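Participant: Got a structure here, written out as structure tokens. Questions coming.
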Amino acid sequence: LMLCSTMPKSFFQYVLIPADSSLAVESKTGDRSGGLANDELVKSAKDYFFELSGGAAKASAWQQATPEQRHAIAQQWRKHQNDQNINMTDDQILNYIQASQTNPSCEIMALTVPTKGNDYQAVSMYTSDHSSENEIKNERACQLLLDCGHRLPETASRKEAGVYGDVFVGRCYDNEQDEDEGWKRLDFTHEDLNSNSDWIKIAKSINGGGGSGASNAASLSGTMNQMNMNPSTQ
């Protein structure tokens with residue numbers, strides 16, 4: 001039903017779409033052996049966005065902060081939350097902030113969810129969850145979302161809805177009823193970005209796994225690895 005180029009069984013292809021439209025889409029190769037638990041695409045995306053956001057420098061700064069500086073950061077966070085008496089200790093606040101700023105993470109948006117109509121093939125977009133105001137709109141990623149029947153995401157920090165910064169896109173097979181394979185990576189290539197691709201036509205059809213044009217693409221991650229802010233669970 002869906003045509004994908006073939007790679008050696010132990011490897012798969014995915015793409016990096018730069019926000020700068022003058023730059024070419026990059027084809028990437030990953031190892032399938034990690035499966036869902038150690039998915040190489042997710043790991044690569046996390047590491048890529050971590051480096052772009054200066055995560056290593058932030059981690060080093062946290063390690064060198066004095067107790068006075070750490071207390072001041074916690075107080076500033078409380079003030080930002082409009083609750084000076086928020087029921088979290090300095091350490092709990094700092095652990096939450098540090099985890100959200102210094103651990104590799106990414107946001108995952110479902111372009112298609114696996115359905116019988118698309119042979120249980122899901123296509124997802126991976127973006128930074130710590131995007132900078134300096135990042136430009138990724139027009140190619142926005143078009144891909146629209147092609148799959150989704151609205152562009154809106155955020156309070158952006159005047160214009162859309163996807164900002166570089167993104168990765170990949171495909172997987174995901175069928176809980178399949179006891180033999182269940183979940184595995186499939187190829188997603190440069191050619192799959194074409195608006196006339198078979199998988200996009202299927203996504204727009206009934207039970208094709210895409211959007212209806214009335215909502216945003218579903219988030220598969222929220223914000224990955226973000227700690228629970230409820231102090232009772234710390």
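Residues are named by chain letter and number: chains run A, B, ... in the order of the structure tokens, numbers start at 1 in each chain, and ligands are numbered from 1 in the order shown.
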For segment 192-195 of chain A, work out the shell of residues within 9 Å, counting only C-alpha atoms and skipping chain neighbours fewer than 3 positions away, then give it as an NGL selection string.
Facilitator: :A and (4 or 140 or 143-144 or 147-148 or 188-189 or 198-201)
Participant: Kindly save the residues from that selection, with N, CA, C and O atoms included, as a tab-separated table (two decimals), in the first residue's frame.
Facilitator:
chain	number	residue	atom	x	y	z
A	4	CYS	N	8.03	2.62	0.15
A	4	CYS	CA	9.19	3.16	0.85
A	4	CYS	C	10.44	2.55	0.24
A	4	CYS	O	10.46	1.36	-0.08
A	140	ARG	N	8.92	24.48	5.17
A	140	ARG	CA	8.73	23.12	4.64
A	140	ARG	C	8.05	22.22	5.67
A	140	ARG	O	7.19	21.40	5.31
A	143	GLN	N	4.37	23.20	5.80
A	143	GLN	CA	3.63	22.67	4.66
A	143	GLN	C	3.33	21.19	4.84
A	143	GLN	O	2.24	20.70	4.49
A	144	LEU	N	4.27	20.46	5.42
A	144	LEU	CA	4.06	19.03	5.65
A	144	LEU	C	2.92	18.81	6.64
A	144	LEU	O	2.09	17.91	6.44
A	147	ASP	N	-0.25	19.53	4.73
A	147	ASP	CA	-0.51	18.45	3.77
A	147	ASP	C	-1.16	17.25	4.45
A	147	ASP	O	-1.97	16.53	3.83
A	148	CYS	N	-0.80	17.03	5.72
A	148	CYS	CA	-1.35	15.87	6.45
A	148	CYS	C	-2.66	16.20	7.15
A	148	CYS	O	-3.19	15.37	7.90
A	188	PHE	N	11.92	6.73	5.86
A	188	PHE	CA	11.26	7.96	5.43
A	188	PHE	C	12.32	8.76	4.67
A	188	PHE	O	13.35	9.11	5.24
A	189	THR	N	12.07	9.03	3.39
A	189	THR	CA	13.10	9.61	2.54
A	189	THR	C	12.70	11.00	2.06
A	189	THR	O	11.58	11.48	2.28
A	198	ASP	N	2.13	9.00	-1.93
A	198	ASP	CA	1.02	8.10	-1.62
A	198	ASP	C	0.61	8.19	-0.15
A	198	ASP	O	-0.58	8.18	0.18
A	199	TRP	N	1.59	8.27	0.74
A	199	TRP	CA	1.26	8.25	2.16
A	199	TRP	C	0.48	9.51	2.57
A	199	TRP	O	-0.38	9.45	3.46
A	200	ILE	N	0.76	10.64	1.92
A	200	ILE	CA	0.02	11.87	2.23
A	200	ILE	C	-1.41	11.78	1.70
A	200	ILE	O	-2.36	12.21	2.35
A	201	LYS	N	-1.56	11.20	0.51
A	201	LYS	CA	-2.91	10.99	-0.03
A	201	LYS	C	-3.73	10.10	0.90
A	201	LYS	O	-4.92	10.34	1.15
Participant: Write out as a PyMOL selection string which residues come within 6 Å of Cys106 of chain A when counting only C-alpha atoms, dropping same-chain ones fewer than 3 positions away.
Facilitator: chain A and resi 46+127-129+224
Participant: With only C-alpha atoms as the counted atoms, please give the residues lying no more than 8 Å from Asp31 of chain A, apart from itself and same-chain residues fewer than 3 positions off, as a list in words.
Facilitator: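 These residues fall inside the cut-off: Ser10, Phe11, Phe12, Gly34 and Glu40 of chain A.
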Participant: What does the distance between atom CA of Val25 of chain A and atom CA of Gln13 of chain A come to in Å, to one decimal place?
Facilitator: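 Rounded to one decimal, the two atoms are 12.6 Å apart.
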Participant: Near Ser22 of chain A, counting only C-alpha atoms, which residues have an atom at most 12 Å away, once you skip same-chain residues fewer than 3 positions from it, shown as JSON, numbers by chain?
Facilitator: {"A": [17, 18, 19, 25, 138, 139, 140]}
Participant: Restricted to all heavy atoms, what would the selected residues look like written as a compact mmCIF listing (two decimals), in the first residue's frame?
Facilitator:
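Saved to part.txt:
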# COMPACT_ATOMS: atom_id res chain seq x y z
N ILE A 17 15.01 18.43 8.24
CA ILE A 17 14.55 19.56 7.43
C ILE A 17 15.02 20.86 8.09
O ILE A 17 14.45 21.28 9.11
CB ILE A 17 13.02 19.58 7.30
CG1 ILE A 17 12.50 18.23 6.80
CG2 ILE A 17 12.57 20.70 6.36
CD1 ILE A 17 10.98 18.13 6.75
N PRO A 18 16.04 21.51 7.55
CA PRO A 18 16.50 22.78 8.13
C PRO A 18 15.43 23.86 8.02
O PRO A 18 14.65 23.88 7.05
CB PRO A 18 17.74 23.13 7.30
CG PRO A 18 18.16 21.84 6.66
CD PRO A 18 16.89 21.09 6.42
N ALA A 19 15.38 24.75 8.99
CA ALA A 19 14.43 25.87 8.92
C ALA A 19 14.78 26.81 7.77
O ALA A 19 13.90 27.40 7.15
CB ALA A 19 14.42 26.62 10.25
N VAL A 25 17.40 19.46 2.33
CA VAL A 25 16.97 18.43 3.29
C VAL A 25 18.06 17.37 3.37
O VAL A 25 18.60 16.94 2.35
CB VAL A 25 15.64 17.80 2.84
CG1 VAL A 25 15.28 16.60 3.72
CG2 VAL A 25 14.52 18.83 2.85
N ASN A 138 9.89 27.33 9.91
CA ASN A 138 10.28 26.26 9.00
C ASN A 138 9.13 26.03 8.02
O ASN A 138 8.18 25.30 8.30
CB ASN A 138 10.59 24.97 9.79
CG ASN A 138 11.26 23.92 8.95
OD1 ASN A 138 10.94 23.73 7.78
ND2 ASN A 138 12.21 23.20 9.54
N GLU A 139 9.22 26.69 6.88
CA GLU A 139 8.12 26.67 5.92
C GLU A 139 7.86 25.26 5.38
O GLU A 139 6.71 24.86 5.16
CB GLU A 139 8.41 27.62 4.75
CG GLU A 139 8.54 29.09 5.16
CD GLU A 139 7.22 29.70 5.64
OE1 GLU A 139 6.17 29.03 5.49
OE2 GLU A 139 7.24 30.83 6.17
N ARG A 140 8.92 24.48 5.17
CA ARG A 140 8.73 23.12 4.64
C ARG A 140 8.05 22.22 5.67
O ARG A 140 7.19 21.40 5.31
CB ARG A 140 10.08 22.55 4.20
CG ARG A 140 10.63 23.22 2.95
CD ARG A 140 12.01 22.72 2.57
NE ARG A 140 13.04 23.12 3.53
CZ ARG A 140 14.35 23.05 3.29
NH1 ARG A 140 14.79 22.57 2.14
NH2 ARG A 140 15.22 23.43 4.21
Participant: Enumerate, as a list in words, the complete set of residues in segment 86-205 of chain A that a backbone-based DSSP assignment places in strand (DSSP E or B).
Facilitator: Glu107, Ile108, Met109, Ala110, Leu111, Thr112, Gln121, Ala122, Val123, Ser124, Met125, Tyr126, Thr127, Lys137, Arg151, Tyr164, Val167, Phe168, Val169, Gly170, Arg171, Cys172, Tyr173, Asp174, Trp183, Lys184, Arg185 and Leu186 of chain A
Participant: Write down as a PyMOL selection string the residues of segment 28-185 of chain A whose backbone DSSP state falls under helix (DSSP H, G or I).
Facilitator: chain A and resi 32-34+40-52+55-64+67-80+90-102+116-118+139-147
